[in-house]
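Q: Got a file for you: my_file25.json, JSON, C-alpha atoms.
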```
[["chain", "number", "residue", "atom", "x", "y", "z"],
["A", 1, "ASP", "CA", -15.84, -69.72, -38.56],
["A", 2, "GLU", "CA", -16.33, -70.60, -34.90],
["A", 3, "SER", "CA", -12.75, -71.74, -34.34],
["A", 4, "ARG", "CA", -11.42, -68.34, -35.48],
["A", 5, "THR", "CA", -13.78, -66.59, -33.06],
["A", 6, "ILE", "CA", -12.64, -68.82, -30.19],
["A", 7, "ARG", "CA", -9.00, -68.14, -31.06],
["A", 8, "ALA", "CA", -9.64, -64.38, -31.31],
["A", 9, "ARG", "CA", -11.32, -64.36, -27.89],
["A", 10, "ALA", "CA", -8.38, -66.24, -26.40],
["A", 11, "LEU", "CA", -5.91, -63.81, -27.99],
["A", 12, "HIS", "CA", -7.82, -60.84, -26.54],
["A", 13, "GLY", "CA", -7.58, -62.37, -23.07],
["A", 14, "LEU", "CA", -3.92, -63.19, -23.53],
["A", 15, "ALA", "CA", -3.20, -59.62, -24.66],
["A", 16, "SER", "CA", -4.74, -58.25, -21.47],
["A", 17, "LEU", "CA", -2.90, -60.72, -19.25],
["A", 18, "THR", "CA", 0.38, -60.01, -21.04],
["A", 19, "LEU", "CA", 0.00, -56.32, -20.27],
["A", 20, "ILE", "CA", -1.17, -56.77, -16.67],
["A", 21, "ILE", "CA", 1.20, -59.55, -15.60],
["A", 22, "ASN", "CA", 4.29, -58.89, -17.70],
["A", 23, "ALA", "CA", 3.90, -55.16, -18.43],
["A", 24, "ASP", "CA", 4.87, -56.05, -22.00],
["A", 25, "ALA", "CA", 3.02, -53.42, -24.03],
["A", 26, "ASP", "CA", 4.61, -54.33, -27.36],
["A", 27, "HIS", "CA", 3.68, -58.00, -27.16],
["A", 28, "ALA", "CA", 0.19, -57.19, -25.88],
["A", 29, "ALA", "CA", -0.44, -54.88, -28.83],
["A", 30, "LYS", "CA", 0.73, -57.59, -31.27],
["A", 31, "LEU", "CA", -1.63, -60.11, -29.66],
["A", 32, "TYR", "CA", -4.50, -57.61, -29.97],
["A", 33, "VAL", "CA", -3.78, -57.13, -33.69],
["A", 34, "SER", "CA", -3.65, -60.93, -34.13],
["A", 35, "ALA", "CA", -7.04, -61.24, -32.40],
["A", 36, "LYS", "CA", -8.55, -58.66, -34.72],
["A", 37, "ASP", "CA", -7.03, -60.43, -37.72],
["A", 38, "GLU", "CA", -8.64, -63.71, -36.61],
["A", 39, "ASP", "CA", -12.12, -62.23, -36.05],
["A", 40, "ALA", "CA", -12.69, -58.49, -35.95],
["A", 41, "THR", "CA", -16.09, -58.90, -34.25],
["A", 42, "ALA", "CA", -15.06, -61.25, -31.44],
["A", 43, "ILE", "CA", -15.22, -59.96, -27.90],
["A", 44, "PRO", "CA", -13.20, -61.37, -25.01],
["A", 45, "PRO", "CA", -14.91, -63.90, -22.69],
["A", 46, "LEU", "CA", -14.71, -61.70, -19.58],
["A", 47, "ALA", "CA", -16.29, -58.81, -21.47],
["A", 48, "GLU", "CA", -19.13, -61.06, -22.58],
["A", 49, "LEU", "CA", -19.73, -62.30, -19.03],
["A", 50, "GLN", "CA", -19.83, -58.78, -17.66],
["A", 51, "MET", "CA", -22.22, -57.67, -20.40],
["A", 52, "GLU", "CA", -24.48, -60.58, -19.38],
["A", 53, "GLY", "CA", -24.57, -59.23, -15.81],
["A", 54, "GLU", "CA", -21.92, -61.35, -14.09],
["A", 55, "SER", "CA", -19.97, -59.49, -11.40],
["A", 56, "CYS", "CA", -16.62, -61.00, -12.50],
["A", 57, "LEU", "CA", -15.41, -60.55, -8.91],
["A", 58, "GLY", "CA", -14.33, -56.97, -9.55],
["A", 59, "LEU", "CA", -12.00, -57.96, -12.38],
["A", 60, "ALA", "CA", -14.14, -56.28, -15.01],
["A", 61, "ASP", "CA", -12.73, -52.79, -14.32],
["A", 62, "ILE", "CA", -9.17, -54.03, -14.61],
["A", 63, "TYR", "CA", -10.02, -56.01, -17.71],
["A", 64, "TRP", "CA", -11.80, -53.16, -19.50],
["A", 65, "THR", "CA", -9.02, -50.71, -18.71],
["A", 66, "THR", "CA", -6.46, -53.19, -19.98],
["A", 67, "ALA", "CA", -8.46, -54.00, -23.11],
["A", 68, "PHE", "CA", -8.73, -50.32, -24.04],
["A", 69, "ALA", "CA", -5.05, -49.80, -23.21],
["A", 70, "VAL", "CA", -4.00, -52.66, -25.49],
["A", 71, "LYS", "CA", -6.18, -51.29, -28.29],
["A", 72, "ARG", "CA", -4.63, -47.84, -27.78],
["A", 73, "LEU", "CA", -1.10, -49.28, -27.81],
["A", 74, "SER", "CA", -1.77, -51.17, -31.04],
["A", 75, "VAL", "CA", -2.61, -47.85, -32.72],
["A", 76, "ASP", "CA", -0.08, -45.58, -30.97],
["A", 77, "PRO", "CA", 2.88, -47.18, -29.13],
["A", 78, "THR", "CA", 3.93, -43.76, -27.77],
["A", 79, "THR", "CA", 1.10, -43.99, -25.23],
["A", 80, "ALA", "CA", 2.91, -46.73, -23.27],
["A", 81, "PHE", "CA", 3.97, -44.41, -20.42],
["A", 82, "ASP", "CA", 0.39, -43.25, -19.82],
["A", 83, "VAL", "CA", -0.91, -46.82, -20.10],
["A", 84, "HIS", "CA", 1.54, -48.09, -17.47],
["A", 85, "ILE", "CA", 0.67, -45.24, -15.09],
["A", 86, "SER", "CA", -3.07, -45.83, -15.52],
["A", 87, "LEU", "CA", -2.74, -49.56, -14.97],
["A", 88, "GLY", "CA", -0.43, -49.03, -12.02],
["A", 89, "ILE", "CA", -2.97, -46.79, -10.32],
["A", 90, "LEU", "CA", -5.89, -49.11, -11.07],
["A", 91, "LEU", "CA", -4.00, -52.19, -9.86],
["A", 92, "GLU", "CA", -2.79, -50.36, -6.74],
["A", 93, "ASP", "CA", -6.36, -49.29, -5.93],
["A", 94, "SER", "CA", -7.49, -52.90, -6.46],
["A", 95, "GLY", "CA", -4.91, -54.21, -4.00],
["A", 96, "ALA", "CA", -2.65, -55.81, -6.62],
["A", 97, "ARG", "CA", 0.38, -53.92, -5.37],
["A", 98, "GLU", "CA", 3.09, -56.11, -6.89],
["A", 99, "SER", "CA", 1.56, -55.73, -10.35],
["A", 100, "ALA", "CA", 1.14, -52.00, -9.75],
["A", 101, "ILE", "CA", 4.80, -51.66, -8.80],
["A", 102, "MET", "CA", 5.80, -53.46, -11.99],
["A", 103, "HIS", "CA", 3.84, -50.95, -14.08],
["A", 104, "PHE", "CA", 5.28, -47.96, -12.20],
["A", 105, "ARG", "CA", 8.79, -49.37, -12.73],
["A", 106, "LYS", "CA", 8.09, -49.82, -16.43],
["A", 107, "ALA", "CA", 6.84, -46.22, -16.65],
["A", 108, "LEU", "CA", 10.04, -45.03, -14.97],
["A", 109, "THR", "CA", 12.13, -46.86, -17.57],
["A", 110, "LEU", "CA", 10.22, -45.04, -20.32],
["A", 111, "VAL", "CA", 10.39, -41.57, -18.72],
["A", 112, "PRO", "CA", 12.99, -41.74, -15.91],
["A", 113, "ASN", "CA", 12.62, -38.13, -14.73],
["A", 114, "ASP", "CA", 8.83, -37.78, -14.81],
["A", 115, "THR", "CA", 8.15, -35.46, -11.88],
["A", 116, "SER", "CA", 4.59, -36.65, -11.30],
["A", 117, "LEU", "CA", 5.73, -40.26, -10.94],
["A", 118, "LEU", "CA", 8.69, -39.32, -8.75],
["A", 119, "PHE", "CA", 6.34, -37.21, -6.59],
["A", 120, "ARG", "CA", 3.89, -40.12, -6.37],
["A", 121, "GLU", "CA", 6.70, -42.43, -5.33],
["A", 122, "ALA", "CA", 7.87, -40.03, -2.62],
["A", 123, "LEU", "CA", 4.38, -39.68, -1.14],
["A", 124, "THR", "CA", 2.95, -43.16, -1.47],
["A", 125, "VAL", "CA", 5.72, -45.73, -1.35],
["A", 126, "PRO", "CA", 6.00, -46.01, 2.44],
["A", 127, "ALA", "CA", 2.25, -46.27, 2.97],
["A", 128, "VAL", "CA", 1.18, -48.19, -0.09],
["A", 129, "LEU", "CA", 3.70, -50.57, -1.57],
["A", 130, "SER", "CA", 4.43, -53.11, 1.16],
["A", 131, "HIS", "CA", 4.67, -53.81, 4.84],
["A", 132, "ASP", "CA", 8.45, -53.37, 4.80],
["A", 133, "ASN", "CA", 8.16, -49.91, 3.17],
["A", 134, "ALA", "CA", 10.19, -50.98, 0.12],
["A", 135, "SER", "CA", 10.57, -48.44, -2.65],
["A", 136, "PHE", "CA", 10.51, -49.45, -6.26],
["A", 137, "GLU", "CA", 13.97, -49.85, -7.66],
["A", 138, "ARG", "CA", 14.82, -48.04, -10.85],
["A", 139, "SER", "CA", 16.18, -50.20, -13.63]]
```
Give the structure from the file, written as structure tokens.
A:
Amino acid sequence: DESRTIRARALHGLASLTLIINADADHAAKLYVSAKDEDATAIPPLAELQMEGESCLGLADIYWTTAFAVKRLSVDPTTAFDVHISLGILLEDSGARESAIMHFRKALTLVPNDTSLLFREALTVPAVLSHDNASFERS
């Protein structure tokens, strides 16, 4: 049914946005499962556009990474730390620093003493995060 496919596509997009914007891995994974329940063959609109050759203004890399991350989280929630680090790096490289910071903060709440993240913070915060050299605050 076409309405189920449309709903599934919308849920896929919402799952990605939920992970990128809110860093809410649990909710994103639930949305992904709901999308698959609606129509297991539906693909998200941005994915379809990119497959048709549209440039998607550079958003395709972020979208694909997020889509695979949400799928991974729906199968294994213990991957959340790695997902947040990967998204943080991708968003940082794309210039979306505020979103990147949110994902690094979320990763720190999951594994507060991760030496690689603490090392990354020590080396990159002054140069990367903002013009006022703010460090991310630990929750």
Q: Please provide as a list in words all residues within 9 Å of Ile21 of chain A, with the sequence filter that same-chain residues fewer than 4 positions apart are discarded (counting all atoms listed in the file).
A: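 Final neighbour list, sorted by chain and number: Ser16, Leu17, Ser99 and Met102 of chain A.
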Q: If I take atom CA of Tyr63 of chain A and atom CA of Ala40 of chain A, how far is one from the other in Å, to one decimal?
A: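 Interatomic distance, atom CA of Tyr63 of chain A to atom CA of Ala40 of chain A: 18.6 Å.
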Q: Pick the closest to Leu59 of chain A from A:Ala29, A:Lys71, A:Gly95, A:Val83: which is it, counting all atoms listed in the file?
A: A:Gly95
Q: I want to know what sits within 12 Å of Trp64 of chain A, based on only C-alpha atoms, with residues of the same chain fewer than 2 positions away left out; could you give that as a list in words?
A: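 With the cut-off at 12 Å, the set is His12, Gly13, Ala15, Ser16, Leu17, Ile20, Ile43, Pro44, Pro45, Leu46, Ala47, Glu48, Gln50, Met51, Cys56, Gly58, Leu59, Ala60, Asp61, Ile62, Thr66, Ala67, Phe68, Ala69, Val70, Lys71, Leu87 and Leu90 of chain A.
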Q: Of the candidates A:Ser116, A:Asp76, A:Glu54, A:Arg7, which one gets nearest to Leu31 of chain A if we count all atoms listed in the file?
A: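 Checking each of A:Ser116, A:Asp76, A:Glu54, A:Arg7 against Leu31 of chain A, counting all atoms listed in the file, the winner is A:Arg7.
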Q: By how many Å are atom CA of Thr65 of chain A and atom CA of Ser3 of chain A apart?
A: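 We find that atom CA of Thr65 of chain A and atom CA of Ser3 of chain A lie 26.5 Å from each other.
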Q: Quick one: of A:Leu117, A:Ala96, A:Ala25, A:Ala35, who's nearest to Thr78 of chain A, counting only C-alpha atoms?
A: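 Of A:Leu117, A:Ala96, A:Ala25, A:Ala35, the one nearest Thr78 of chain A, counting only C-alpha atoms, is A:Ala25.
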Q: If we count all atoms listed in the file, what is near Ala23 of chain A at a cut-off of 8 Å, once residues fewer than 3 positions away on the same chain are taken out, given as a PyMOL selection string?
A: chain A and resi 18-20+84+102-103+106
Q: To one decimal place, how far is atom CA of Arg9 of chain A from atom CA of Leu49 of chain A in Å?
A: 12.4 Å
Q: Just give me the residues with any atom within 12 Å of (10.2, -44.8, -22.9), file coordinates, counting all atoms listed in the file, written as a PDB file with C-alpha atoms, keeping the file's coordinate frame.
A:
```pdb
ATOM      1  CA  ALA A  25       3.020 -53.420 -24.030  1.00  0.00           C
ATOM      2  CA  ASP A  26       4.610 -54.330 -27.360  1.00  0.00           C
ATOM      3  CA  PRO A  77       2.880 -47.180 -29.130  1.00  0.00           C
ATOM      4  CA  THR A  78       3.930 -43.760 -27.770  1.00  0.00           C
ATOM      5  CA  THR A  79       1.100 -43.990 -25.230  1.00  0.00           C
ATOM      6  CA  ALA A  80       2.910 -46.730 -23.270  1.00  0.00           C
ATOM      7  CA  PHE A  81       3.970 -44.410 -20.420  1.00  0.00           C
ATOM      8  CA  ASP A  82       0.390 -43.250 -19.820  1.00  0.00           C
ATOM      9  CA  VAL A  83      -0.910 -46.820 -20.100  1.00  0.00           C
ATOM     10  CA  HIS A  84       1.540 -48.090 -17.470  1.00  0.00           C
ATOM     11  CA  ARG A 105       8.790 -49.370 -12.730  1.00  0.00           C
ATOM     12  CA  LYS A 106       8.090 -49.820 -16.430  1.00  0.00           C
ATOM     13  CA  ALA A 107       6.840 -46.220 -16.650  1.00  0.00           C
ATOM     14  CA  LEU A 108      10.040 -45.030 -14.970  1.00  0.00           C
ATOM     15  CA  THR A 109      12.130 -46.860 -17.570  1.00  0.00           C
ATOM     16  CA  LEU A 110      10.220 -45.040 -20.320  1.00  0.00           C
ATOM     17  CA  VAL A 111      10.390 -41.570 -18.720  1.00  0.00           C
ATOM     18  CA  PRO A 112      12.990 -41.740 -15.910  1.00  0.00           C
ATOM     19  CA  ASN A 113      12.620 -38.130 -14.730  1.00  0.00           C
ATOM     20  CA  ASP A 114       8.830 -37.780 -14.810  1.00  0.00           C
TER      21      ASP A 114
END
```
Q: Have a look at A:Ser86, A:Leu11, A:Thr115, A:Asp37 and name the one nearest to Ile101 of chain A; count only C-alpha atoms.
A: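 Closest to Ile101 of chain A, using only C-alpha atoms: A:Ser86.
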Q: Ranking A:Leu14, A:Ala28, A:Leu73, A:Ala100 by minimum distance to Ile85 of chain A and counting only C-alpha atoms, which one comes first?
A: A:Ala100
Q: Find, counting only C-alpha atoms, the residue in A:Ala8, A:Ser34, A:Glu98, A:Glu2 that gets nearest to Asn22 of chain A.
A: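 Smallest separation from Asn22 of chain A among the options: A:Glu98.
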